[in-house]
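**Student:** Below you'll find start-v3.cif; it's mmCIF, C-alpha atoms.
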```cif
data_data
#
loop_
_atom_site.label_atom_id
_atom_site.label_comp_id
_atom_site.auth_asym_id
_atom_site.auth_seq_id
_atom_site.Cartn_x
_atom_site.Cartn_y
_atom_site.Cartn_z
CA MET A 9 105.26 76.89 118.16
CA ASP A 10 103.75 75.20 115.13
CA THR A 11 103.00 76.29 111.57
CA GLY A 12 100.01 76.43 109.28
CA HIS A 13 98.94 77.95 106.02
CA VAL A 14 95.94 79.48 104.29
CA THR A 15 95.24 80.14 100.61
CA SER A 16 94.60 83.75 99.59
CA ALA A 17 92.02 84.87 97.03
CA ASP A 18 94.44 84.61 94.09
CA GLY A 19 95.66 81.14 95.10
CA THR A 20 98.86 82.27 96.84
CA VAL A 21 99.76 80.29 99.97
CA ILE A 22 100.28 82.40 103.09
CA GLY A 23 102.14 80.53 105.82
CA PHE A 24 102.18 81.40 109.51
CA HIS A 25 103.61 80.41 112.87
CA ARG A 26 101.25 79.92 115.81
CA LEU A 27 101.96 79.92 119.54
CA GLY A 28 100.19 80.51 122.83
CA ALA A 29 96.60 80.04 123.94
CA GLY A 30 93.59 82.32 124.23
CA PRO A 31 91.84 84.76 121.88
CA GLY A 32 93.44 85.06 118.44
CA LEU A 33 95.86 87.89 117.71
CA VAL A 34 97.55 88.37 114.32
CA VAL A 35 100.94 90.13 114.30
CA LEU A 36 101.69 91.50 110.85
CA HIS A 37 105.34 92.41 110.28
CA GLY A 38 106.73 95.33 108.34
CA GLN A 39 109.30 96.07 105.65
CA MET A 40 112.55 94.06 105.67
CA GLU A 41 111.03 91.69 108.21
CA SER A 42 109.52 88.22 108.34
CA ALA A 43 107.25 86.37 110.75
CA ARG A 44 110.20 85.56 113.00
CA SER A 45 111.06 89.24 113.40
CA HIS A 46 108.37 89.44 116.11
CA LEU A 47 108.97 86.09 117.77
CA GLU A 48 109.97 87.68 121.10
CA LEU A 49 106.86 89.87 121.08
CA ALA A 50 104.73 86.78 120.37
CA GLU A 51 106.38 84.90 123.22
CA ALA A 52 105.63 87.81 125.57
CA LEU A 53 101.95 87.67 124.51
CA ALA A 54 101.54 83.89 124.31
CA GLY A 55 100.36 83.54 127.88
CA THR A 56 97.27 85.62 127.04
CA TYR A 57 96.60 85.11 123.31
CA THR A 58 96.95 82.61 120.51
CA VAL A 59 99.43 84.59 118.42
CA TYR A 60 99.60 84.14 114.64
CA LEU A 61 102.79 85.31 112.93
CA PRO A 62 102.25 85.26 109.16
CA ASP A 63 104.99 85.69 106.61
CA ARG A 64 103.81 88.33 104.19
CA ARG A 65 104.28 87.48 100.52
CA GLY A 66 107.72 86.96 99.08
CA ARG A 67 109.39 85.47 102.15
CA GLY A 68 109.57 82.54 104.52
CA LEU A 69 106.55 80.25 104.57
CA SER A 70 104.53 82.23 102.02
CA GLY A 71 104.30 82.26 98.24
CA PRO A 72 105.73 84.85 95.85
CA TYR A 73 104.49 88.25 94.81
CA GLY A 74 102.46 88.38 91.63
CA PRO A 75 103.62 90.36 88.59
CA HIS A 76 101.47 93.39 89.45
CA HIS A 77 101.49 93.50 93.23
CA VAL A 78 99.06 96.00 94.78
CA ALA A 79 97.65 96.75 98.21
CA ASP A 80 94.49 94.75 97.56
CA ARG A 81 96.52 91.53 97.30
CA GLU A 82 98.04 92.21 100.72
CA ALA A 83 94.58 92.91 102.14
CA GLU A 84 93.25 89.66 100.70
CA ASP A 85 96.08 87.77 102.37
CA LEU A 86 95.22 89.25 105.77
CA GLU A 87 91.51 88.68 105.20
CA ALA A 88 92.13 85.01 104.40
CA LEU A 89 94.16 84.57 107.58
CA LEU A 90 91.55 86.28 109.75
CA ALA A 91 88.77 84.16 108.27
CA HIS A 92 90.83 80.97 108.71
CA THR A 93 91.83 81.62 112.33
CA GLY A 94 88.76 83.47 113.58
CA ALA A 95 91.04 86.14 115.05
CA SER A 96 89.61 89.66 115.24
CA ARG A 97 92.60 91.41 116.86
CA VAL A 98 95.49 92.68 114.73
CA PHE A 99 98.79 94.28 115.66
CA ALA A 100 100.67 95.51 112.59
CA VAL A 101 103.93 97.34 111.93
CA SER A 102 105.14 99.85 109.31
CA VAL A 103 104.10 98.62 105.83
CA GLY A 104 102.14 95.86 107.56
CA ALA A 105 100.29 98.55 109.53
CA LEU A 106 99.42 100.32 106.28
CA VAL A 107 98.09 97.00 104.93
CA ALA A 108 96.02 96.49 108.10
CA LEU A 109 94.52 99.98 107.77
CA HIS A 110 93.69 99.31 104.13
CA THR A 111 92.05 96.03 105.14
CA ALA A 112 90.07 97.58 107.98
CA ALA A 113 88.73 100.28 105.66
CA ARG A 114 87.67 97.57 103.18
CA HIS A 115 85.76 95.83 105.95
CA ARG A 116 83.88 98.47 107.87
CA ALA A 117 81.63 96.97 110.50
CA GLY A 118 77.99 97.33 109.51
CA SER A 119 78.49 99.08 106.15
CA THR A 120 78.44 98.47 102.44
CA GLY A 121 80.07 100.16 99.47
CA SER A 122 83.52 101.67 99.04
CA PRO A 123 84.90 104.06 101.65
CA LYS A 124 85.02 107.62 100.34
CA GLY A 125 88.51 108.45 99.13
CA HIS A 126 89.75 104.88 99.34
CA PRO A 127 92.16 103.88 96.52
CA GLY A 128 90.54 101.58 93.99
CA GLY A 129 86.99 100.28 93.74
CA LEU A 130 86.99 98.24 96.92
CA ARG A 131 84.33 96.05 98.43
CA THR A 132 83.53 96.05 102.13
CA ALA A 133 81.94 93.41 104.35
CA GLY A 134 79.28 94.07 106.94
CA ALA A 135 80.73 91.70 109.52
CA GLY A 136 83.93 93.71 110.08
CA LEU A 137 86.84 91.26 110.15
CA ILE A 138 89.04 93.42 112.38
CA ARG A 139 87.41 94.41 115.66
CA GLU A 140 90.52 95.71 117.47
CA LEU A 141 93.54 97.17 115.68
CA ALA A 142 96.89 98.26 117.10
CA LEU A 143 99.27 99.97 114.67
CA TYR A 144 102.97 100.69 115.10
CA GLU A 145 104.07 103.58 112.88
CA PRO A 146 102.24 102.91 109.58
CA ALA A 147 104.38 103.72 106.53
CA LEU A 148 101.90 106.37 105.41
CA PHE A 149 103.10 109.49 103.61
CA VAL A 150 100.50 112.11 104.41
CA ASP A 151 101.89 115.29 102.80
CA GLY A 152 103.02 114.07 99.38
CA PRO A 153 103.95 111.07 97.28
CA ALA A 154 106.20 108.38 98.71
CA PRO A 155 109.81 108.80 97.51
CA THR A 156 110.63 106.36 94.71
CA ALA A 157 113.56 107.97 92.88
CA TRP A 158 115.99 105.72 94.77
CA LEU A 159 114.48 102.59 93.18
CA GLU A 160 116.46 103.05 89.96
CA ARG A 161 119.80 102.82 91.77
CA TYR A 162 118.51 100.00 94.00
CA GLU A 163 117.44 97.95 90.96
CA ARG A 164 120.84 98.44 89.28
CA GLU A 165 122.64 97.30 92.42
CA LEU A 166 120.41 94.25 92.85
CA ALA A 167 120.87 93.30 89.19
CA ALA A 168 124.64 93.50 89.64
CA GLY A 169 124.50 91.19 92.67
CA ARG A 170 125.35 94.03 95.05
CA ASP A 171 122.69 93.22 97.64
CA ALA A 172 124.39 95.12 100.46
CA ALA A 173 124.67 98.28 98.36
CA ALA A 174 120.99 98.00 97.39
CA LEU A 175 119.98 97.76 101.04
CA ILE A 176 122.06 100.80 101.97
CA THR A 177 120.39 102.74 99.14
CA ALA A 178 116.96 101.80 100.54
CA MET A 179 117.86 102.53 104.17
CA LYS A 180 119.25 105.96 103.32
CA ALA A 181 116.13 106.76 101.29
CA ALA A 182 113.88 105.75 104.20
CA ARG A 183 116.13 107.56 106.72
CA LEU A 184 116.14 104.44 108.90
CA GLY A 185 119.88 104.08 109.34
CA PRO A 186 121.81 105.47 112.33
CA ALA A 187 123.04 109.06 112.15
CA ILE A 188 126.56 107.87 111.39
CA PHE A 189 125.31 106.70 107.97
CA ASP A 190 125.35 110.31 106.83
CA LEU A 191 128.98 110.75 107.90
CA MET A 192 130.53 107.59 106.50
CA PRO A 193 131.77 107.31 102.88
CA ARG A 194 129.35 105.30 100.76
CA ARG A 195 132.06 102.81 99.74
CA LEU A 196 132.79 102.03 103.40
CA LEU A 197 129.08 101.65 104.18
CA ASP A 198 128.67 99.18 101.33
CA ALA A 199 131.70 97.16 102.42
CA LEU A 200 130.59 96.94 106.05
CA SER A 201 127.09 95.97 105.02
CA ALA A 202 128.43 93.25 102.70
CA ARG A 203 130.34 91.77 105.64
CA MET A 204 127.22 91.87 107.78
CA LEU A 205 125.17 90.06 105.14
CA ALA A 206 127.87 87.42 104.71
CA ALA A 207 128.04 86.83 108.46
CA GLN A 208 124.27 86.52 108.65
CA ASP A 209 124.26 84.05 105.76
CA ARG A 210 126.79 81.86 107.59
CA LYS A 211 124.79 81.86 110.82
CA ALA A 212 121.36 81.34 109.23
CA GLY A 213 119.55 78.22 110.32
CA ASP A 214 116.82 76.22 108.67
CA GLY A 215 113.81 78.46 108.04
CA ASP A 216 115.59 81.74 108.81
CA VAL A 217 114.83 84.66 106.50
CA THR A 218 117.99 86.70 105.96
CA MET A 219 118.42 90.32 104.92
CA ARG A 220 119.77 89.12 101.58
CA MET A 221 116.57 87.14 101.01
CA LEU A 222 114.50 90.17 101.94
CA ALA A 223 116.32 92.66 99.70
CA PRO A 224 114.16 91.95 96.59
CA THR A 225 110.94 92.53 98.55
CA LEU A 226 111.62 96.26 98.76
CA ARG A 227 110.44 96.97 95.21
CA HIS A 228 107.03 95.47 96.01
CA GLU A 229 106.77 97.11 99.44
CA THR A 230 107.54 100.49 97.89
CA ARG A 231 104.80 99.97 95.30
CA VAL A 232 102.23 99.44 98.07
CA VAL A 233 103.47 102.45 100.05
CA ALA A 234 103.34 104.64 96.94
CA GLU A 235 99.83 103.42 96.09
CA LEU A 236 98.50 104.31 99.54
CA ALA A 237 100.32 107.62 100.04
CA ARG A 238 97.99 110.45 101.08
CA SER A 239 95.15 107.97 101.69
CA GLN A 240 94.57 109.06 105.29
CA ALA A 241 91.08 110.44 104.60
CA ALA A 242 89.91 106.91 103.77
CA TYR A 243 90.62 105.69 107.27
CA GLY A 244 87.72 107.56 108.74
CA ALA A 245 85.93 104.42 107.54
CA VAL A 246 87.81 102.21 110.03
CA GLY A 247 85.28 100.76 112.42
CA ALA A 248 87.75 98.88 114.61
CA ARG A 249 88.73 100.08 118.05
CA THR A 250 92.21 101.45 117.31
CA LEU A 251 95.51 102.10 119.12
CA LEU A 252 98.27 104.13 117.47
CA LEU A 253 101.77 103.35 118.74
CA GLY A 254 105.07 105.03 117.98
CA GLY A 255 108.55 105.66 119.32
CA SER A 256 110.03 108.99 120.31
CA ARG A 257 113.22 108.25 118.34
CA SER A 258 111.55 107.44 115.01
CA PRO A 259 111.83 109.58 111.85
CA ALA A 260 109.49 112.58 111.71
CA TYR A 261 107.37 111.25 108.84
CA PHE A 262 106.15 108.36 111.00
CA LYS A 263 105.06 110.84 113.66
CA ALA A 264 103.30 112.91 110.99
CA ALA A 265 101.42 109.80 109.89
CA LEU A 266 100.32 109.06 113.45
CA ASP A 267 99.25 112.69 113.92
CA ALA A 268 97.09 112.49 110.78
CA LEU A 269 95.57 109.15 111.74
CA GLU A 270 94.80 110.35 115.25
CA ARG A 271 92.69 113.10 113.68
CA VAL A 272 90.94 110.79 111.21
CA VAL A 273 90.42 107.32 112.74
CA PRO A 274 87.33 107.47 114.96
CA GLY A 275 88.19 107.30 118.66
CA ALA A 276 91.81 106.28 118.11
CA ALA A 277 94.04 106.17 121.20
CA ARG A 278 97.69 107.26 120.95
CA VAL A 279 100.79 106.13 122.89
CA GLU A 280 104.39 107.20 122.32
CA LEU A 281 107.17 105.05 123.77
CA ALA A 282 110.05 107.15 125.07
CA GLY A 283 113.52 106.20 123.84
CA VAL A 284 112.21 103.72 121.26
CA GLY A 285 112.64 103.82 117.48
CA HIS A 286 110.90 102.36 114.44
CA SER A 287 112.14 98.84 115.22
CA GLY A 288 110.62 98.95 118.70
CA SER A 289 108.25 96.00 118.27
CA GLY A 290 110.89 93.65 116.84
CA ASN A 291 113.26 91.22 118.48
CA ALA A 292 115.82 92.65 120.89
CA ASP A 293 118.80 91.86 118.64
CA THR A 294 117.42 94.27 116.03
CA GLY A 295 116.93 97.11 118.52
CA GLY A 296 113.42 96.13 119.58
CA ARG A 297 111.80 96.54 122.97
CA PRO A 298 109.24 93.73 122.68
CA GLU A 299 108.33 93.61 126.38
CA ARG A 300 107.39 97.31 126.39
CA VAL A 301 105.26 96.93 123.27
CA ALA A 302 103.67 93.74 124.66
CA ALA A 303 102.66 95.61 127.81
CA GLU A 304 100.85 98.25 125.75
CA LEU A 305 99.13 95.58 123.66
CA ARG A 306 97.92 93.67 126.73
CA ARG A 307 96.60 96.93 128.15
CA PHE A 308 94.77 97.75 124.93
CA PHE A 309 93.42 94.33 123.93
CA GLY A 310 92.59 93.35 127.50
#
```
Mind turning the file's structure into structure tokens?

**Tutor:**
Amino acid sequence: MDTGHVTSADGTVIGFHRLGAGPGLVVLHGQMESARSHLELAEALAGTYTVYLPDRRGRGLSGPYGPHHVADREAEDLEALLAHTGASRVFAVSVGALVALHTAARHRAGSTGSPKGHPGGLRTAGAGLIRELALYEPALFVDGPAPTAWLERYERELAAGRDAAALITAMKAARLGPAIFDLMPRRLLDALSARMLAAQDRKAGDGDVTMRMLAPTLRHETRVVAELARSQAAYGAVGARTLLLGGSRSPAYFKAALDALERVVPGAARVELAGVGHSGSGNADTGGRPERVAAELRRFFG
């Protein structure tokens, strides 16, 4: 594995890891993740593809968020990477999957002008940067605005140096924690999480991106999710061949997003992985099933 970088439209450096050989495939991670969160998936695919694992803004090899971070900046980062590498296949997860959808709608193959219903006055390119797109549970709220009320408590906890408490606040809001989260006293949850963060800090090696480092990214991720809530109608403009992936154990709002996208994205295929949750594409030590996801991606991308 080696590393590289590309400069996005606003001058921000986007770094990436690269491994394998063959046609280019970009793997775009999700919320509370970094490029290395999908290293095992990349290793499973490296015999077939040249896999690019970018760090999205605010972490790892990449530069910081700007003061007014919006979805277009994320799209420009992905566009720069695709142009630099020549890759036309993208697999993207959660918030990353929402970014990839936004990017694909900006760049409809063979069209000009802004997609109807797409947030903002966006340009599109006739070439179509993304030809094949696989999405794992995009963080798309289809029936209403994305929840943001929790951000006030999260910001207070971060400002007080209570990173573990801030992460618990975010996980409970996103309903991504195990069921026992709802049964345990909040004080105990915070204490256990603080121990986990401290243990991870001690074990972290050079270049690792820890949960503590990722905690501040949530404010920016939430801004993108809120901006693109209820934007599903825009994705009828996606010209890429598309696969929608999800896990049977994931929260219901991810399944609702996939249901909506299956109706809207032209010709989209749908696969649900039994017994798998929202972290299904990640490394095994975070609950992922990378070999199962890799098998679906090989089947789809060919």

**Student:** Could you tell me which residues the PyMOL selection byres ((chain A and resi 204) around 12) returns for this structure, as a short mmCIF file (atom, residue, chain, number, x, y, z; two decimals) with C-alpha atoms, keeping the file's coordinate frame?

**Tutor:**
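Below you can see expr.cif, which holds the result:
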```
data_model
loop_
_atom_site.label_atom_id
_atom_site.label_comp_id
_atom_site.auth_asym_id
_atom_site.auth_seq_id
_atom_site.Cartn_x
_atom_site.Cartn_y
_atom_site.Cartn_z
CA ASP A 171 122.69 93.22 97.64
CA ALA A 172 124.39 95.12 100.46
CA ALA A 173 124.67 98.28 98.36
CA LEU A 175 119.98 97.76 101.04
CA ILE A 176 122.06 100.80 101.97
CA LEU A 197 129.08 101.65 104.18
CA ASP A 198 128.67 99.18 101.33
CA ALA A 199 131.70 97.16 102.42
CA LEU A 200 130.59 96.94 106.05
CA SER A 201 127.09 95.97 105.02
CA ALA A 202 128.43 93.25 102.70
CA ARG A 203 130.34 91.77 105.64
CA LEU A 205 125.17 90.06 105.14
CA ALA A 206 127.87 87.42 104.71
CA ALA A 207 128.04 86.83 108.46
CA GLN A 208 124.27 86.52 108.65
CA ASP A 209 124.26 84.05 105.76
CA ARG A 210 126.79 81.86 107.59
CA LYS A 211 124.79 81.86 110.82
CA THR A 218 117.99 86.70 105.96
CA MET A 219 118.42 90.32 104.92
CA ARG A 220 119.77 89.12 101.58
#
```

**Student:** Near Asp267 in chain A, within 12 Å and counting only C-alpha atoms, which residues show up once chain neighbours fewer than 4 positions away are dropped, as a list in words?

**Tutor:**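 The residues that qualify are Glu145, Pro146, Leu148, Phe149, Val150, Asp151, Gln240, Leu252, Leu253, Gly254, Ala260, Tyr261, Phe262, Lys263, Arg271, Val272, Val273, Ala276, Ala277, Arg278, Val279 and Glu280 of chain A.
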
**Student:** Between CA of Leu281 in chain A and CA of Leu251 in chain A, measure the distance and give it in Å to one decimal.

**Tutor:**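 Straight-line distance from CA of Leu281 in chain A to CA of Leu251 in chain A works out to 12.9 Å.
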
**Student:** Using CA of Leu90 in chain A and CA of Leu109 in chain A as the two end points, give the distance in Å to one decimal.

**Tutor:** 14.2 Å

**Student:** Extract, using only C-alpha atoms, all DNA, RNA and protein residues at most 6 Å from range 290-305 of chain A, discarding same-chain residues fewer than 5 positions from it, and format them as a PDB file with C-alpha atoms, keeping the file's coordinate frame.

**Tutor:**
```pdb
ATOM      1  CA  SER A  45     111.060  89.240 113.400  1.00  0.00           C
ATOM      2  CA  HIS A  46     108.370  89.440 116.110  1.00  0.00           C
ATOM      3  CA  GLU A  48     109.970  87.680 121.100  1.00  0.00           C
ATOM      4  CA  LEU A  49     106.860  89.870 121.080  1.00  0.00           C
TER       5      LEU A  49
END
```

**Student:** Go through A:Ala108, A:Leu191, A:Leu266, A:Val21 and flag the residue nearest Gly74 in chain A, using only C-alpha atoms for the distances.

**Tutor:**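 Among the listed residues, A:Val21 lies closest to Gly74 in chain A.
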
**Student:** The centre and edge lengths of an axis-aligned box containing all atoms of range 276-280 of chain A present in the file, extended by 6 Å on each side, are to be given in Å to one decimal, as AutoDock Vina command-line options.

**Tutor:**
```
--center_x 98.1 --center_y 106.7 --center_z 120.5 --size_x 24.6 --size_y 13.1 --size_z 16.8
```

**Student:** Which distance in Å separates CA of Gly19 in chain A and CA of Arg231 in chain A, to one decimal?

**Tutor:**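 According to the coordinates, CA of Gly19 in chain A and CA of Arg231 in chain A are separated by 20.9 Å.
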